[in-house]
Amino acid sequence: MRKGCQMIVRITLEIALGKEFDYEVPSELEERIALGSRVKVPFGTRQLMGVVTALPATSSFPVLKPIIDVVGQGSLVTPKVLDLARWMAAYYCCPIEIALKSVLPVAVRRDREGWKKQLHIRAVEPTGQVPALTERQAALRSILQQWKELPLQEFLKLTRSTAATAKKLEDAGVALICREVMERDPHAHEHILPSEPLALNQEQARAHAAILAAMNQKEVQQKPNVFLLHGVTGSGKTEVYLQAIDHALSQGRGAIVLVPEISLTPQTVERFKARFAVGKRATLVAVLHSHLSDGERHDEWHKIREGRARIVIGARSAVFAPVDPLGLIIVDEEHEHSYKQEEAPRYHARDVAVVRAQKEGAVVVLGSATPSMETYHHAKGGKYHLLEMLSRADDKSLPWVRVMDMRGEGRHDKGIPILSQQLKEAIDQRLEKREQTMLFLNRRGYASSLQCPQCGYVAGCPQCSLSLTYHRRQQRLRCHLCGHDERAPICCPVDTCRSAEIRFAGVGTERVEDTLARLYPTASIRRMDSDTLKKKEDYKRILTEFRQGKVDILIGTQMIAKGLHFPNVTLVGIIYADLSLHIPDFRAGERTFQLITQVAGRAGRGEVEGDVYVQSFTPFHPAIQYARRHDYVGFYEQEWEFREQTSYPPALRLALVTLRGRQEAKLKLSADHLRQAIEGATQDIQGFSLAGPAPAPLERAENHYRYQILMRAQRMSRLSARLAGVMDSMRLPQGVKVSIDIDPVNLY
Ligand code: ADP
Ligand code: ZN
Ligand code: ZN
């Protein structure tokens with residue numbers, strides 16, 4: 001039995017996964033401890049950091065060790081977010097510590113406080129008699145009195161004095177030098193003009209009213225309060241977001257805006273800051289993205305935790321931002337795959353947003369021009385509310401989309417044609433009129449493979465079952481999965497062949513750039529992909545040049561497909577629309593439809609109407625044809641039939657287990673065992689079926705063989721629990737690793 005008055009904490013440790021431990025709290029620490037506090041505890045012979053996950057009244061252990069210390073101020077996670085982490089651990093089958101790691105950024109978890117401190121100097125009135133000051137000291141004092149307080153370094157620079165002089169002022173009792181927390185604001189030097197709310201058009205007004213009505217509901221809802229805002233590109237979804245956020249603020253609540261990492265550009269952030277972060281009733285807007293330094297992330301996070309920043313804009317993990325109370329979560333481009341984290345915890349930020357909002361009584365708005373099949377299915381079935389905005393806010397018409405049949409092109413030419421005759425002519429016209437062109441191809445490098453027509457050799461990665469991509473500038477062959485890098489050969493490397501006729505098959509952005517440079521020697525051409533963006537500033541620089549009209553043609557990967565707004569772009573070309581159709585994935589058609597629609601949305605955002613040219617070898621594929629007609633619902637309906645017939649989401653739910661190991665035989669045996677164990681544990685689950693184990697589409701990666709077991713079920717939560725149980729009791733041989741992916745987005 002425990003003494004009744006002793007406080008107990010239950011904590012998780014980073015090194016002991018899946019377990020929680022009870023400790024005693026010495027009475028002098030009780031005041032400082034709360035759910036979510038970080039604590040230092042004895043563990044064996046070591047001292048470790050842990051997070052408080054519960055405050056149980058009693059413990060089943062008779063003797064508890066006391067915690068050593070509480071680190072930092074206050075609790076880091078709110079109890080609500082802690083609760084969310086627990087849900088995530090259960091649903092996505094991962095240990096609670098792994099879930100907590102996503103919830104708390106590394107920068108915040110350090111065992112020391114992470115504020116950057118800086119010396120400040122402050123003017124003070126001397127107590128008692130005013131000391132005798134030299135003329136110089138008196139002059140410095142009066143400067144200081146004007147400033148009241150400033151960083152010491154700035155003071156010294158301003159007055160061209162030394163630290164010793166400043167110290168003398170302090171000794172004289174007229175100044176105080178102290179350490180102050182200095183916040184690192186990554187956007188400190190921006191100058192943003194305020195924006196005013198726009199008068200909403202009819203479609204916007206209807207959407208806005210529905211969202212506000214939900215936000216005004218007082219009683220806790222049984223069903224999640226989720227809206228799908230299905231609005232064509234340019235329909236003015238952002239204005240609806242902005243006015244809904246404004247309403248949250250007026251209710252005294254905060255908002256989280258999730259944006260895909262790739263769209264989290266200064267342009268995007270500025271639209272939110274312009275409305276809320278400048279002017280009279282400025283609200284701090286915190287930005288969380290992967291380019292922040294640890295220090296910046298730490299500071300942004302604490303601004304939110306302390307309630308100073310009420311609006312958070314960020315990529316995937318911003319869904320965990322400690323906004324409290326939370327009124328609204330917006331998930332822009334909800335169909336984007338980057339919302340799914342591809343390592344444990346394998347969560348989907350959109351789905352986490354829905355669960356979090358329900359727990360905290362907040363409203364969710366999922367926005368997209370091309371909603372995911374899953375979300376639209378929920379909206380049709382009444383689980384989510386459907387809001388539609390089908391015309392562009394500025395009354396511009398949607399761009400005219402032409403599909404070029406590439407099968408007829410370049411038969412006389414060698415290899416795959418890059419530009420059709422019509423696209424060439426369209427570019428010519430734009431160059432003449434000094435309008436801009438964007439060309440899109442979702443594959444970087446020069447050629448996707450190097451082949452020998454004599455013996456059939458294809459250069460493959462020695463560690464993965466993938467062909468190597470040829471990068472011509474550097475004369476290298478590279479694996480885009482593991483980064484393997486080797487010199488490109490000048491003849492076939494097969495000993496018995498040695499043919500000098502090796503060929504480069506498949507087109508990448510680098511090759512398109514070369515072709516364009518040959519065709520249009522006087523045009524200014526830029527390429528934007530992860531090979532050309534080496535530095536943080538490159539992205540901004542290229543886009544600025546493009547916006548200023550210094551660039552005629554911009555060629556790029558998916559980086560240029562999202563959210564950018566350039567009024568002078570009147571032509572958009574998709575070099576090879578079939579590329580995403582050929583991936584071995586049931587979502588290939590959906591991805592292709594989304595991609596064409598998104599890319600097409602880049603055209604005609606200004607005064608002149610835009611044209612979109614889609615080049616394809618399968619021009620009559622439904623994904624291409626529905627995209628050409630801007631017909632989302634038509635696409636959804638035929639795609640739904642396919643998903644229903646093949647039992648893929650959203651008709652059923654999926655869970656994917658992947659096993660990895662160096663020895664194939666051992667791996668296969670483990671996979672068979674695992675299959676049996678799963679079958680034994682899942683017999684009573686509705687609609688359950690299982691396929692595999694079978695080699696994954698990507699059979700080998702980074703020197704590991706990969707096997708998969710694919711499961712289907714009507715509902716997921718029970719299956720998650722059973723899988724967790726199986727994994728707990730299963731002993732896998734050394735060298736075999738397993739990952740569980742609930743609602744997987746990538747099936748390779
Ligand atoms: P979406 O996010 O749906 O693609 P945007 O929010 O970027 O669309 O809006 C497209 C353009 O329409 C922007 O330039 C925006 O300023 C303008 N716009 C949006 N709402 C209105 C409105 N009510 N009146 C006038 N212009 C608007
Ligand atoms: Zn050969
Ligand atoms: Zn590789």
# chains A, B, ... in the order shown; residues from 1 in each chain; ligands from 1
$ closest_atom_pairs --of "chain A" --to "ligand 3" --cutoff "8 Å" --atoms "only C-alpha atoms and all ligand atoms" --output "Markdown table"
| residue | atom | partner | partner_atom_place_in_ligand_line | distance |
| --- | --- | --- | --- | --- |
| A:Cys461 | CA | ligand 3 | 1 (Zn) | 4.8 |
| A:Pro462 | CA | ligand 3 | 1 (Zn) | 6.6 |
| A:Gln463 | CA | ligand 3 | 1 (Zn) | 4.9 |
| A:Cys464 | CA | ligand 3 | 1 (Zn) | 4.3 |
| A:Ser465 | CA | ligand 3 | 1 (Zn) | 7.3 |
| A:Leu466 | CA | ligand 3 | 1 (Zn) | 6.7 |
| A:Leu468 | CA | ligand 3 | 1 (Zn) | 7.8 |
| A:Arg478 | CA | ligand 3 | 1 (Zn) | 7.9 |
| A:Cys479 | CA | ligand 3 | 1 (Zn) | 4.6 |
| A:His480 | CA | ligand 3 | 1 (Zn) | 6.7 |
| A:Leu481 | CA | ligand 3 | 1 (Zn) | 5.1 |
| A:Cys482 | CA | ligand 3 | 1 (Zn) | 4.1 |
| A:Gly483 | CA | ligand 3 | 1 (Zn) | 6.0 |
| A:His484 | CA | ligand 3 | 1 (Zn) | 5.4 |
| A:Ala701 | CA | ligand 3 | 1 (Zn) | 6.2 |
| A:Glu702 | CA | ligand 3 | 1 (Zn) | 5.6 |
$ residues_near_ligand --ligand "ligand 2" --cutoff "7 Å" --atoms "only C-alpha atoms and all ligand atoms" --output "PyMOL selection string"
chain A and resi 452-457+492-494+497-499
$ atom_distance --atom1 "CA of Lys340 (chain A)" --atom2 "atom 10 (C, counted along the ligand's line) of ligand 1"
26.7 Å
$ closest_residue --among "A:Lys167, A:Arg356, A:Arg38, A:Arg402" --to "Arg86 (chain A)" --atoms "only C-alpha atoms"
A:Arg356
$ residues_near_ligand --ligand "ligand 1" --cutoff "6 Å" --atoms "only C-alpha atoms and all ligand atoms" --output "VMD selection string"
chain A and resid 198 to 201 231 233 to 239 393 to 394
